[in-house]
$ cat coords_36.cif   # mmCIF, C-alpha atoms and all ligand atoms
data_my_file
loop_
_atom_site.group_PDB
_atom_site.id
_atom_site.type_symbol
_atom_site.label_atom_id
_atom_site.label_comp_id
_atom_site.auth_asym_id
_atom_site.auth_seq_id
_atom_site.Cartn_x
_atom_site.Cartn_y
_atom_site.Cartn_z
ATOM 1 C CA MET A 6 -7.447 -32.766 -8.614
ATOM 2 C CA THR A 7 -3.815 -31.756 -9.039
ATOM 3 C CA ILE A 8 -2.215 -30.134 -6.006
ATOM 4 C CA ASP A 9 -1.028 -26.591 -6.749
ATOM 5 C CA ILE A 10 2.633 -26.825 -5.743
ATOM 6 C CA ARG A 11 2.907 -23.057 -6.326
ATOM 7 C CA ALA A 12 -0.026 -22.135 -4.076
ATOM 8 C CA GLU A 13 2.195 -20.532 -1.451
ATOM 9 C CA MET A 14 5.135 -19.377 -3.551
ATOM 10 C CA ALA A 15 3.171 -17.600 -6.340
ATOM 11 C CA LYS A 16 3.149 -14.279 -4.479
ATOM 12 C CA TYR A 17 6.957 -14.315 -4.319
ATOM 13 C CA TYR A 18 7.511 -15.443 -7.943
ATOM 14 C CA ASP A 19 7.896 -11.971 -9.444
ATOM 15 C CA LEU A 20 10.387 -10.930 -6.765
ATOM 16 C CA TRP A 21 12.949 -13.105 -8.561
ATOM 17 C CA PRO A 22 12.842 -12.222 -12.254
ATOM 18 C CA PRO A 23 14.785 -14.234 -14.854
ATOM 19 C CA PRO A 24 18.424 -13.271 -15.533
ATOM 20 C CA PHE A 25 17.436 -11.923 -18.977
ATOM 21 C CA ASP A 26 14.835 -9.682 -20.579
ATOM 22 C CA ASP A 27 12.920 -11.922 -22.975
ATOM 23 C CA VAL A 28 9.776 -9.783 -23.328
ATOM 24 C CA PRO A 29 11.028 -7.736 -26.357
ATOM 25 C CA PHE A 30 12.134 -10.999 -28.019
ATOM 26 C CA TYR A 31 8.668 -12.568 -27.775
ATOM 27 C CA LYS A 32 7.041 -9.310 -28.879
ATOM 28 C CA GLN A 33 9.317 -9.258 -31.932
ATOM 29 C CA HIS A 34 8.180 -12.750 -32.936
ATOM 30 C CA ILE A 35 4.515 -11.874 -33.125
ATOM 31 C CA ALA A 36 4.100 -11.844 -36.905
ATOM 32 C CA SER A 37 1.163 -9.410 -37.103
ATOM 33 C CA PRO A 38 -1.039 -7.273 -34.835
ATOM 34 C CA ASP A 39 -3.875 -9.732 -35.560
ATOM 35 C CA ALA A 40 -1.909 -12.819 -34.581
ATOM 36 C CA ALA A 41 -3.309 -15.311 -32.081
ATOM 37 C CA VAL A 42 -0.739 -16.243 -29.444
ATOM 38 C CA LEU A 43 -0.826 -19.138 -26.988
ATOM 39 C CA GLU A 44 1.390 -19.010 -23.910
ATOM 40 C CA LEU A 45 1.952 -22.365 -22.233
ATOM 41 C CA GLY A 46 2.769 -22.018 -18.548
ATOM 42 C CA CYS A 47 1.919 -18.294 -18.517
ATOM 43 C CA GLY A 48 2.347 -18.075 -14.736
ATOM 44 C CA THR A 49 1.763 -14.618 -13.277
ATOM 45 C CA GLY A 50 1.659 -13.001 -16.724
ATOM 46 C CA ARG A 51 5.233 -11.707 -16.655
ATOM 47 C CA VAL A 52 5.331 -12.098 -20.467
ATOM 48 C CA LEU A 53 1.642 -12.501 -21.329
ATOM 49 C CA VAL A 54 0.520 -9.095 -20.031
ATOM 50 C CA PRO A 55 3.193 -6.888 -21.684
ATOM 51 C CA ILE A 56 2.812 -8.627 -25.068
ATOM 52 C CA ALA A 57 -1.005 -8.699 -25.043
ATOM 53 C CA GLY A 58 -1.158 -5.296 -26.779
ATOM 54 C CA SER A 59 0.996 -6.526 -29.687
ATOM 55 C CA CYS A 60 -1.313 -9.309 -30.911
ATOM 56 C CA GLY A 61 -4.968 -9.838 -31.779
ATOM 57 C CA TYR A 62 -5.573 -12.321 -28.981
ATOM 58 C CA ILE A 63 -3.462 -14.102 -26.360
ATOM 59 C CA HIS A 64 -4.469 -17.206 -24.457
ATOM 60 C CA GLY A 65 -2.600 -18.338 -21.363
ATOM 61 C CA VAL A 66 -2.609 -21.825 -19.888
ATOM 62 C CA ASP A 67 -1.190 -22.733 -16.499
ATOM 63 C CA ILE A 68 -1.563 -25.554 -14.006
ATOM 64 C CA SER A 69 -1.309 -23.243 -10.978
ATOM 65 C CA GLU A 70 -4.437 -21.462 -9.832
ATOM 66 C CA ALA A 71 -2.313 -19.210 -7.600
ATOM 67 C CA MET A 72 -0.086 -18.089 -10.490
ATOM 68 C CA LEU A 73 -3.142 -17.532 -12.730
ATOM 69 C CA SER A 74 -4.883 -15.490 -10.089
ATOM 70 C CA ILE A 75 -1.956 -13.009 -10.125
ATOM 71 C CA CYS A 76 -2.024 -13.032 -13.933
ATOM 72 C CA LYS A 77 -5.734 -12.172 -13.943
ATOM 73 C CA GLN A 78 -5.159 -9.286 -11.514
ATOM 74 C CA ARG A 79 -2.366 -7.997 -13.766
ATOM 75 C CA LEU A 80 -4.548 -8.187 -16.871
ATOM 76 C CA ALA A 81 -7.310 -6.282 -15.096
ATOM 77 C CA LYS A 82 -4.846 -3.659 -13.814
ATOM 78 C CA ALA A 83 -3.455 -3.210 -17.332
ATOM 79 C CA GLY A 84 -7.010 -2.821 -18.655
ATOM 80 C CA VAL A 85 -6.684 -5.672 -21.161
ATOM 81 C CA PRO A 86 -10.221 -6.660 -22.273
ATOM 82 C CA SER A 87 -11.287 -10.323 -22.209
ATOM 83 C CA ASP A 88 -11.668 -10.445 -25.994
ATOM 84 C CA LYS A 89 -7.903 -9.692 -26.195
ATOM 85 C CA ALA A 90 -6.585 -12.011 -23.492
ATOM 86 C CA ARG A 91 -7.845 -14.929 -21.468
ATOM 87 C CA VAL A 92 -6.197 -17.457 -19.194
ATOM 88 C CA GLU A 93 -7.281 -20.910 -18.114
ATOM 89 C CA LEU A 94 -6.316 -23.598 -15.659
ATOM 90 C CA ASN A 95 -5.053 -26.545 -17.654
ATOM 91 C CA ASP A 96 -2.157 -28.948 -18.009
ATOM 92 C CA ILE A 97 0.121 -28.150 -20.943
ATOM 93 C CA VAL A 98 0.422 -31.898 -21.379
ATOM 94 C CA GLY A 99 -2.533 -33.094 -23.418
ATOM 95 C CA PHE A 100 -4.630 -29.926 -23.447
ATOM 96 C CA ASN A 101 -7.347 -29.386 -25.994
ATOM 97 C CA LEU A 102 -8.436 -25.764 -26.253
ATOM 98 C CA ASN A 103 -11.726 -24.872 -27.668
ATOM 99 C CA HIS A 104 -11.653 -21.173 -28.425
ATOM 100 C CA LYS A 105 -12.763 -19.123 -31.371
ATOM 101 C CA TYR A 106 -9.353 -18.983 -33.043
ATOM 102 C CA GLY A 107 -9.000 -22.791 -32.879
ATOM 103 C CA LYS A 108 -5.318 -22.618 -33.702
ATOM 104 C CA PHE A 109 -2.537 -20.177 -32.857
ATOM 105 C CA ASP A 110 0.026 -18.345 -34.999
ATOM 106 C CA LEU A 111 2.602 -18.338 -32.232
ATOM 107 C CA ILE A 112 2.982 -20.708 -29.293
ATOM 108 C CA ILE A 113 5.475 -19.790 -26.576
ATOM 109 C CA ALA A 114 6.545 -21.209 -23.205
ATOM 110 C CA PRO A 115 8.909 -18.568 -21.771
ATOM 111 C CA TYR A 116 11.330 -19.055 -18.914
ATOM 112 C CA ARG A 117 12.085 -22.760 -19.192
ATOM 113 C CA VAL A 118 8.501 -23.979 -18.701
ATOM 114 C CA PHE A 119 9.252 -26.996 -20.913
ATOM 115 C CA GLN A 120 11.805 -28.219 -18.365
ATOM 116 C CA ASN A 121 9.029 -28.806 -15.823
ATOM 117 C CA LEU A 122 7.978 -31.811 -17.922
ATOM 118 C CA GLU A 123 9.847 -34.589 -16.233
ATOM 119 C CA THR A 124 8.899 -37.743 -18.153
ATOM 120 C CA ASP A 125 8.972 -38.833 -21.799
ATOM 121 C CA ASP A 126 5.193 -39.287 -21.720
ATOM 122 C CA GLN A 127 4.715 -35.683 -20.591
ATOM 123 C CA VAL A 128 7.082 -34.431 -23.304
ATOM 124 C CA ASP A 129 5.236 -36.481 -25.964
ATOM 125 C CA GLY A 130 1.864 -35.191 -24.754
ATOM 126 C CA PHE A 131 3.145 -31.611 -24.802
ATOM 127 C CA PHE A 132 4.338 -31.884 -28.408
ATOM 128 C CA ARG A 133 1.063 -33.548 -29.470
ATOM 129 C CA SER A 134 -0.832 -30.596 -28.024
ATOM 130 C CA VAL A 135 1.486 -28.067 -29.685
ATOM 131 C CA ARG A 136 0.905 -29.812 -33.035
ATOM 132 C CA LYS A 137 -2.855 -29.714 -32.513
ATOM 133 C CA HIS A 138 -2.926 -25.990 -31.736
ATOM 134 C CA LEU A 139 -0.405 -24.553 -34.218
ATOM 135 C CA THR A 140 -1.486 -23.014 -37.547
ATOM 136 C CA VAL A 141 0.209 -24.264 -40.729
ATOM 137 C CA ASP A 142 2.070 -20.927 -41.035
ATOM 138 C CA GLY A 143 2.682 -20.629 -37.318
ATOM 139 C CA SER A 144 5.658 -21.346 -35.108
ATOM 140 C CA CYS A 145 6.444 -22.390 -31.586
ATOM 141 C CA ILE A 146 9.351 -21.079 -29.492
ATOM 142 C CA LEU A 147 10.692 -23.136 -26.597
ATOM 143 C CA ASN A 148 13.446 -22.318 -24.128
ATOM 144 C CA VAL A 149 15.574 -24.309 -21.712
ATOM 145 C CA PHE A 150 18.749 -23.315 -19.892
ATOM 146 C CA LYS A 151 22.061 -24.565 -21.222
ATOM 147 C CA PRO A 152 23.911 -26.763 -18.726
ATOM 148 C CA LEU A 153 27.297 -25.120 -18.239
ATOM 149 C CA LYS A 154 29.117 -28.348 -17.406
ATOM 150 C CA SER A 155 29.593 -31.664 -19.175
ATOM 151 C CA PRO A 156 27.071 -34.362 -18.125
ATOM 152 C CA ASP A 157 29.637 -36.046 -15.826
ATOM 153 C CA GLU A 158 30.685 -32.791 -14.178
ATOM 154 C CA PHE A 159 27.084 -31.634 -13.899
ATOM 155 C CA ALA A 160 26.045 -34.836 -12.099
ATOM 156 C CA LYS A 161 29.123 -34.648 -9.878
ATOM 157 C CA VAL A 162 28.734 -31.078 -8.695
ATOM 158 C CA TRP A 163 25.020 -30.268 -8.840
ATOM 159 C CA SER A 164 23.731 -31.896 -5.629
ATOM 160 C CA SER A 165 24.744 -30.509 -2.262
ATOM 161 C CA ASP A 166 23.447 -30.298 1.318
ATOM 162 C CA LYS A 167 24.201 -26.586 1.399
ATOM 163 C CA GLU A 168 21.573 -23.872 1.448
ATOM 164 C CA ASN A 169 22.598 -20.902 -0.713
ATOM 165 C CA PHE A 170 21.457 -17.346 -0.067
ATOM 166 C CA CYS A 171 19.854 -15.829 -3.212
ATOM 167 C CA TRP A 172 18.326 -12.441 -2.294
ATOM 168 C CA GLU A 173 16.595 -10.381 0.361
ATOM 169 C CA LYS A 174 13.818 -7.848 -0.256
ATOM 170 C CA VAL A 175 11.449 -5.814 1.887
ATOM 171 C CA ILE A 176 7.836 -6.104 0.755
ATOM 172 C CA GLU A 177 4.971 -4.402 2.591
ATOM 173 C CA GLY A 178 7.034 -4.094 5.758
ATOM 174 C CA GLN A 179 8.064 -7.758 5.695
ATOM 175 C CA ARG A 180 11.593 -8.921 5.005
ATOM 176 C CA VAL A 181 11.607 -11.802 2.511
ATOM 177 C CA VAL A 182 14.831 -13.792 2.365
ATOM 178 C CA CYS A 183 15.236 -16.362 -0.392
ATOM 179 C CA TYR A 184 17.563 -19.377 -0.420
ATOM 180 C CA GLU A 185 17.974 -22.300 -2.767
ATOM 181 C CA LYS A 186 18.907 -25.907 -2.133
ATOM 182 C CA ARG A 187 20.011 -28.624 -4.534
ATOM 183 C CA PRO A 188 19.283 -31.836 -2.676
ATOM 184 C CA GLN A 189 18.754 -34.316 -5.480
ATOM 185 C CA MET A 190 19.401 -35.121 -9.123
ATOM 186 C CA ASP A 191 18.471 -38.055 -11.349
ATOM 187 C CA ARG A 192 21.775 -38.487 -13.155
ATOM 188 C CA GLN A 193 20.423 -40.918 -15.758
ATOM 189 C CA LYS A 194 17.461 -38.821 -16.779
ATOM 190 C CA LEU A 195 19.250 -35.496 -16.188
ATOM 191 C CA VAL A 196 16.450 -34.214 -13.969
ATOM 192 C CA ILE A 197 17.342 -31.844 -11.151
ATOM 193 C CA TYR A 198 15.118 -31.290 -8.108
ATOM 194 C CA PRO A 199 15.863 -27.819 -6.742
ATOM 195 C CA GLU A 200 14.154 -26.221 -3.764
ATOM 196 C CA THR A 201 13.476 -22.530 -3.311
ATOM 197 C CA ILE A 202 12.979 -21.434 0.283
ATOM 198 C CA TYR A 203 11.316 -18.145 1.203
ATOM 199 C CA ARG A 204 11.622 -16.997 4.825
ATOM 200 C CA ILE A 205 9.411 -14.126 5.874
ATOM 201 C CA TYR A 206 10.526 -12.022 8.845
ATOM 202 C CA GLU A 207 8.709 -9.328 10.801
ATOM 203 C CA GLY A 208 10.872 -7.156 13.028
ATOM 204 C CA GLY A 209 13.658 -9.719 13.051
ATOM 205 C CA GLU A 210 11.331 -12.630 13.899
ATOM 206 C CA LEU A 211 10.778 -15.498 11.466
ATOM 207 C CA LYS A 212 7.013 -15.503 10.776
ATOM 208 C CA HIS A 213 6.642 -17.963 7.943
ATOM 209 C CA GLU A 214 8.594 -20.277 5.677
ATOM 210 C CA VAL A 215 7.604 -21.461 2.211
ATOM 211 C CA VAL A 216 9.502 -24.328 0.583
ATOM 212 C CA PHE A 217 8.926 -24.789 -3.143
ATOM 213 C CA LYS A 218 10.179 -28.116 -4.546
ATOM 214 C CA PHE A 219 10.131 -28.697 -8.288
ATOM 215 C CA ALA A 220 11.655 -30.697 -11.139
ATOM 216 C CA MET A 221 13.715 -29.414 -14.068
ATOM 217 C CA ARG A 222 14.658 -31.801 -16.849
ATOM 218 C CA CYS A 223 17.888 -30.658 -18.479
ATOM 219 C CA TYR A 224 18.925 -30.734 -22.123
ATOM 220 C CA TYR A 225 22.176 -30.149 -23.933
ATOM 221 C CA ALA A 226 22.068 -28.126 -27.164
ATOM 222 C CA ASP A 227 22.138 -31.118 -29.534
ATOM 223 C CA GLN A 228 19.641 -33.134 -27.434
ATOM 224 C CA PHE A 229 17.164 -30.262 -27.421
ATOM 225 C CA GLU A 230 17.338 -29.882 -31.217
ATOM 226 C CA LYS A 231 17.021 -33.645 -31.751
ATOM 227 C CA LEU A 232 14.022 -33.897 -29.435
ATOM 228 C CA ILE A 233 12.127 -31.298 -31.472
ATOM 229 C CA VAL A 234 13.071 -32.851 -34.821
ATOM 230 C CA ASP A 235 12.235 -36.358 -33.543
ATOM 231 C CA HIS A 236 8.738 -35.114 -32.730
ATOM 232 C CA GLY A 237 8.293 -34.273 -36.401
ATOM 233 C CA PHE A 238 8.826 -30.502 -36.341
ATOM 234 C CA THR A 239 11.093 -28.321 -38.500
ATOM 235 C CA ILE A 240 13.539 -26.007 -36.744
ATOM 236 C CA VAL A 241 13.600 -22.577 -38.387
ATOM 237 C CA ASN A 242 15.707 -20.565 -35.910
ATOM 238 C CA CYS A 243 17.752 -21.048 -32.785
ATOM 239 C CA TRP A 244 19.503 -18.697 -30.376
ATOM 240 C CA GLY A 245 21.749 -18.895 -27.337
ATOM 241 C CA GLY A 246 19.819 -16.200 -25.461
ATOM 242 C CA TYR A 247 17.687 -13.111 -25.971
ATOM 243 C CA ALA A 248 20.483 -10.740 -27.025
ATOM 244 C CA ASP A 249 21.240 -12.529 -30.304
ATOM 245 C CA GLU A 250 23.772 -14.969 -28.861
ATOM 246 C CA ALA A 251 24.537 -17.882 -31.181
ATOM 247 C CA TYR A 252 22.909 -21.222 -30.296
ATOM 248 C CA GLY A 253 25.136 -23.103 -27.881
ATOM 249 C CA GLN A 254 27.114 -19.947 -26.993
ATOM 250 C CA GLY A 255 24.897 -18.167 -24.462
ATOM 251 C CA ASN A 256 23.295 -19.388 -21.234
ATOM 252 C CA GLU A 257 19.932 -20.276 -22.788
ATOM 253 C CA LEU A 258 18.813 -22.582 -25.578
ATOM 254 C CA VAL A 259 15.953 -21.063 -27.567
ATOM 255 C CA ILE A 260 14.442 -22.847 -30.568
ATOM 256 C CA GLN A 261 11.731 -21.754 -32.981
ATOM 257 C CA PHE A 262 10.066 -24.508 -34.985
ATOM 258 C CA THR A 263 7.138 -25.066 -37.308
ATOM 259 C CA LEU A 264 4.959 -27.960 -38.351
ATOM 260 C CA GLY A 265 7.228 -28.198 -41.359
ATOM 261 C CA GLU A 266 4.362 -28.148 -43.800
ATOM 262 C CA LYS A 267 5.231 -24.574 -44.805
ATOM 263 C CA LYS A 268 8.273 -22.395 -44.030
ATOM 264 C CA ALA A 269 7.955 -19.720 -41.282
ATOM 265 C CA SER A 270 8.868 -16.198 -42.360
HETATM 266 C C1 LIG B 1 9.122 -20.637 -14.365
HETATM 267 S S1 LIG B 1 7.398 -20.361 -14.429
HETATM 268 C C2 LIG B 1 7.294 -19.433 -15.953
HETATM 269 C C3 LIG B 1 6.087 -18.522 -15.982
HETATM 270 C C4 LIG B 1 6.040 -17.566 -17.146
HETATM 271 N N1 LIG B 1 6.051 -18.264 -18.417
HETATM 272 C C5 LIG B 1 7.218 -16.592 -17.098
HETATM 273 O O1 LIG B 1 7.957 -16.536 -18.085
HETATM 274 O O2 LIG B 1 7.371 -15.906 -16.103
HETATM 275 C C6 LIG B 1 6.767 -21.950 -14.918
HETATM 276 C C7 LIG B 1 5.251 -21.956 -15.065
HETATM 277 O O3 LIG B 1 4.878 -23.137 -15.759
HETATM 278 C C8 LIG B 1 3.708 -23.656 -15.156
HETATM 279 N N2 LIG B 1 3.650 -25.104 -15.419
HETATM 280 C C9 LIG B 1 4.555 -26.052 -15.080
HETATM 281 N N3 LIG B 1 4.136 -27.268 -15.479
HETATM 282 C C10 LIG B 1 2.929 -27.082 -16.070
HETATM 283 C C11 LIG B 1 1.995 -27.955 -16.675
HETATM 284 N N4 LIG B 1 2.201 -29.276 -16.759
HETATM 285 N N5 LIG B 1 0.871 -27.428 -17.196
HETATM 286 C C12 LIG B 1 0.623 -26.083 -17.132
HETATM 287 N N6 LIG B 1 1.487 -25.213 -16.573
HETATM 288 C C13 LIG B 1 2.617 -25.698 -16.046
HETATM 289 C C14 LIG B 1 3.883 -23.341 -13.675
HETATM 290 O O4 LIG B 1 2.680 -23.389 -12.955
HETATM 291 C C15 LIG B 1 4.528 -21.967 -13.738
HETATM 292 O O5 LIG B 1 3.571 -20.948 -13.695
#
$ encode --input "coords_36.cif" --output "structure tokens" --more "lines below"
Ligand SMILES: C[S@@+](CC[C@H](N)C(=O)[O-])C[C@H]1O[C@@H](n2cnc3c(N)ncnc32)[C@H](O)[C@@H]1O
Amino acid sequence: MTIDIRAEMAKYYDLWPPPFDDVPFYKQHIASPDAAVLELGCGTGRVLVPIAGSCGYIHGVDISEAMLSICKQRLAKAGVPSDKARVELNDIVGFNLNHKYGKFDLIIAPYRVFQNLETDDQVDGFFRSVRKHLTVDGSCILNVFKPLKSPDEFAKVWSSDKENFCWEKVIEGQRVVCYEKRPQMDRQKLVIYPETIYRIYEGGELKHEVVFKFAMRCYYADQFEKLIVDHGFTIVNCWGGYADEAYGQGNELVIQFTLGEKKAS
């Protein structure tokens, strides 16, 4: 059994939304109201729930039971029926879904999910699964962040012993203070190992601390394109963010690709 590294942090995840609004973008890329959509690493349903009404069916996959449990509560609260949306606990590396649609018209992995795949084997397995689950006319959209510094600079400045304050919020009478740390980086493989620390205070007293450690493999714009092409896919669109920034210009790298057997519209 895989340990759920997000078991304790899941309830704080939505307190720190991404620095962009990608929901309208993903909605826009649903080709028809009947489309079947697969979200890889759907987490708490930040994207899955608001786009569920714009497609025929959406299926979410995530490796964290804690994140999925919040997603399920959100789906129920939004009144989305189970024939419109379902989520399952699975690894996006090497999954094999057996649902009535068989294949999906759109596969997405919003908010840098792909970067959680640390090794080449995981990346290969992920792309094999995408290939298996994509329709001939369908497309997949992946996103990573764009490193702002050259590889040398990045490796030089990323790691630090410092703890940085990120935000403070009051939730249900408790003060949650979030910090991040950047203790370690694999310079060869360009994998960073950030830590997010949540400290929960009650009346000025520290009650609980949650430390979330994870891996993010980083890609430069040309590497990200090459990786997708080298896995046999055809790139049909790319953007530098969700507000129409040109690829390589904004803070994000977003690529839409197809199986290449037929052109996406
Ligand atoms: C940054 S969150 C993004 C969640 C959601 N897509 C969003 O946009 O808010 C990354 C998610 O990917 C999931 N994840 C990471 N590696 C995974 C894997 N190998 N298989 C399935 N899910 C994975 C995590 O559990 C987490 O919920």
$ closest_residue --input "coords_36.cif" --among "A:Val141, A:Leu80, A:Met190, A:Ile233" --to "Lys108 in chain A" --atoms "only C-alpha atoms"
A:Val141
$ axis_aligned_box --input "coords_36.cif" --around "ligand LIG 1 (chain B)" --padding-each-side "8 Å" --output "JSON"
{"center_x": 4.9, "center_y": -22.6, "center_z": -15.7, "size_x": 24.5, "size_y": 29.4, "size_z": 21.5}
$ resolve_selection --input "coords_36.cif" --expression "the PyMOL selection byres (((not hetatm)) within 7 of (chain B and resi 1))" --output "NGL selection string"
:A and (11 or 45-52 or 66-69 or 72 or 95-98 or 114-118 or 121-122)
$ resolve_selection --input "coords_36.cif" --expression "the PyMOL selection byres (((chain A and resi 147-160) around 8) and not hetatm)" --output "ChimeraX atom specification"
/A:113-120,145-146,161-164,190,192,195,223-226,253,255-261
$ resolve_selection --input "coords_36.cif" --expression "the PyMOL selection byres (((chain A and resi 247-250) around 10) and not hetatm)" --output "PyMOL selection string"
chain A and resi 25-31+243-246+251-259
$ atom_distance --input "coords_36.cif" --atom1 "CA of Ser59 in chain A" --atom2 "CA of Lys89 in chain A"
10.1 Å
$ closest_residue --input "coords_36.cif" --among "A:Lys194, A:Arg222, A:Arg180, A:Arg133" --to "Glu207 in chain A" --atoms "only C-alpha atoms"
A:Arg180
$ atom_distance --input "coords_36.cif" --atom1 "CA of Val181 in chain A" --atom2 "CA of Glu210 in chain A"
11.4 Å
$ atom_distance --input "coords_36.cif" --atom1 "CA of Gly237 in chain A" --atom2 "CA of Glu123 in chain A"
20.2 Å
$ residues_around --input "coords_36.cif" --residues "Asp110 in chain A" --least-positions-apart "5" --cutoff "9 Å" --atoms "all atoms listed in the file" --output "MDAnalysis selection string"
chainID A and resid 35:36 40:43 138:145
$ closest_residue --input "coords_36.cif" --among "A:Met221, A:Ala90, A:Leu111, A:Lys82" --to "Gln33 in chain A" --atoms "only C-alpha atoms"
A:Leu111
$ residues_around --input "coords_36.cif" --residues "Glu200 in chain A" --least-positions-apart "4" --cutoff "7 Å" --atoms "all atoms listed in the file" --output "JSON, numbers by chain"
{"A": [185, 186, 187, 216, 217, 218, 219]}
$ residues_around --input "coords_36.cif" --residues "Ala71 in chain A" --least-positions-apart "6" --cutoff "12 Å" --atoms "all atoms listed in the file" --output "list in words"
Ile8, Asp9, Ile10, Arg11, Ala12, Glu13, Met14, Ala15, Lys16, Tyr17, Tyr18, Cys47, Gly48, Thr49, Gly50, Lys77, Gln78, Glu93 and Leu94 of chain A
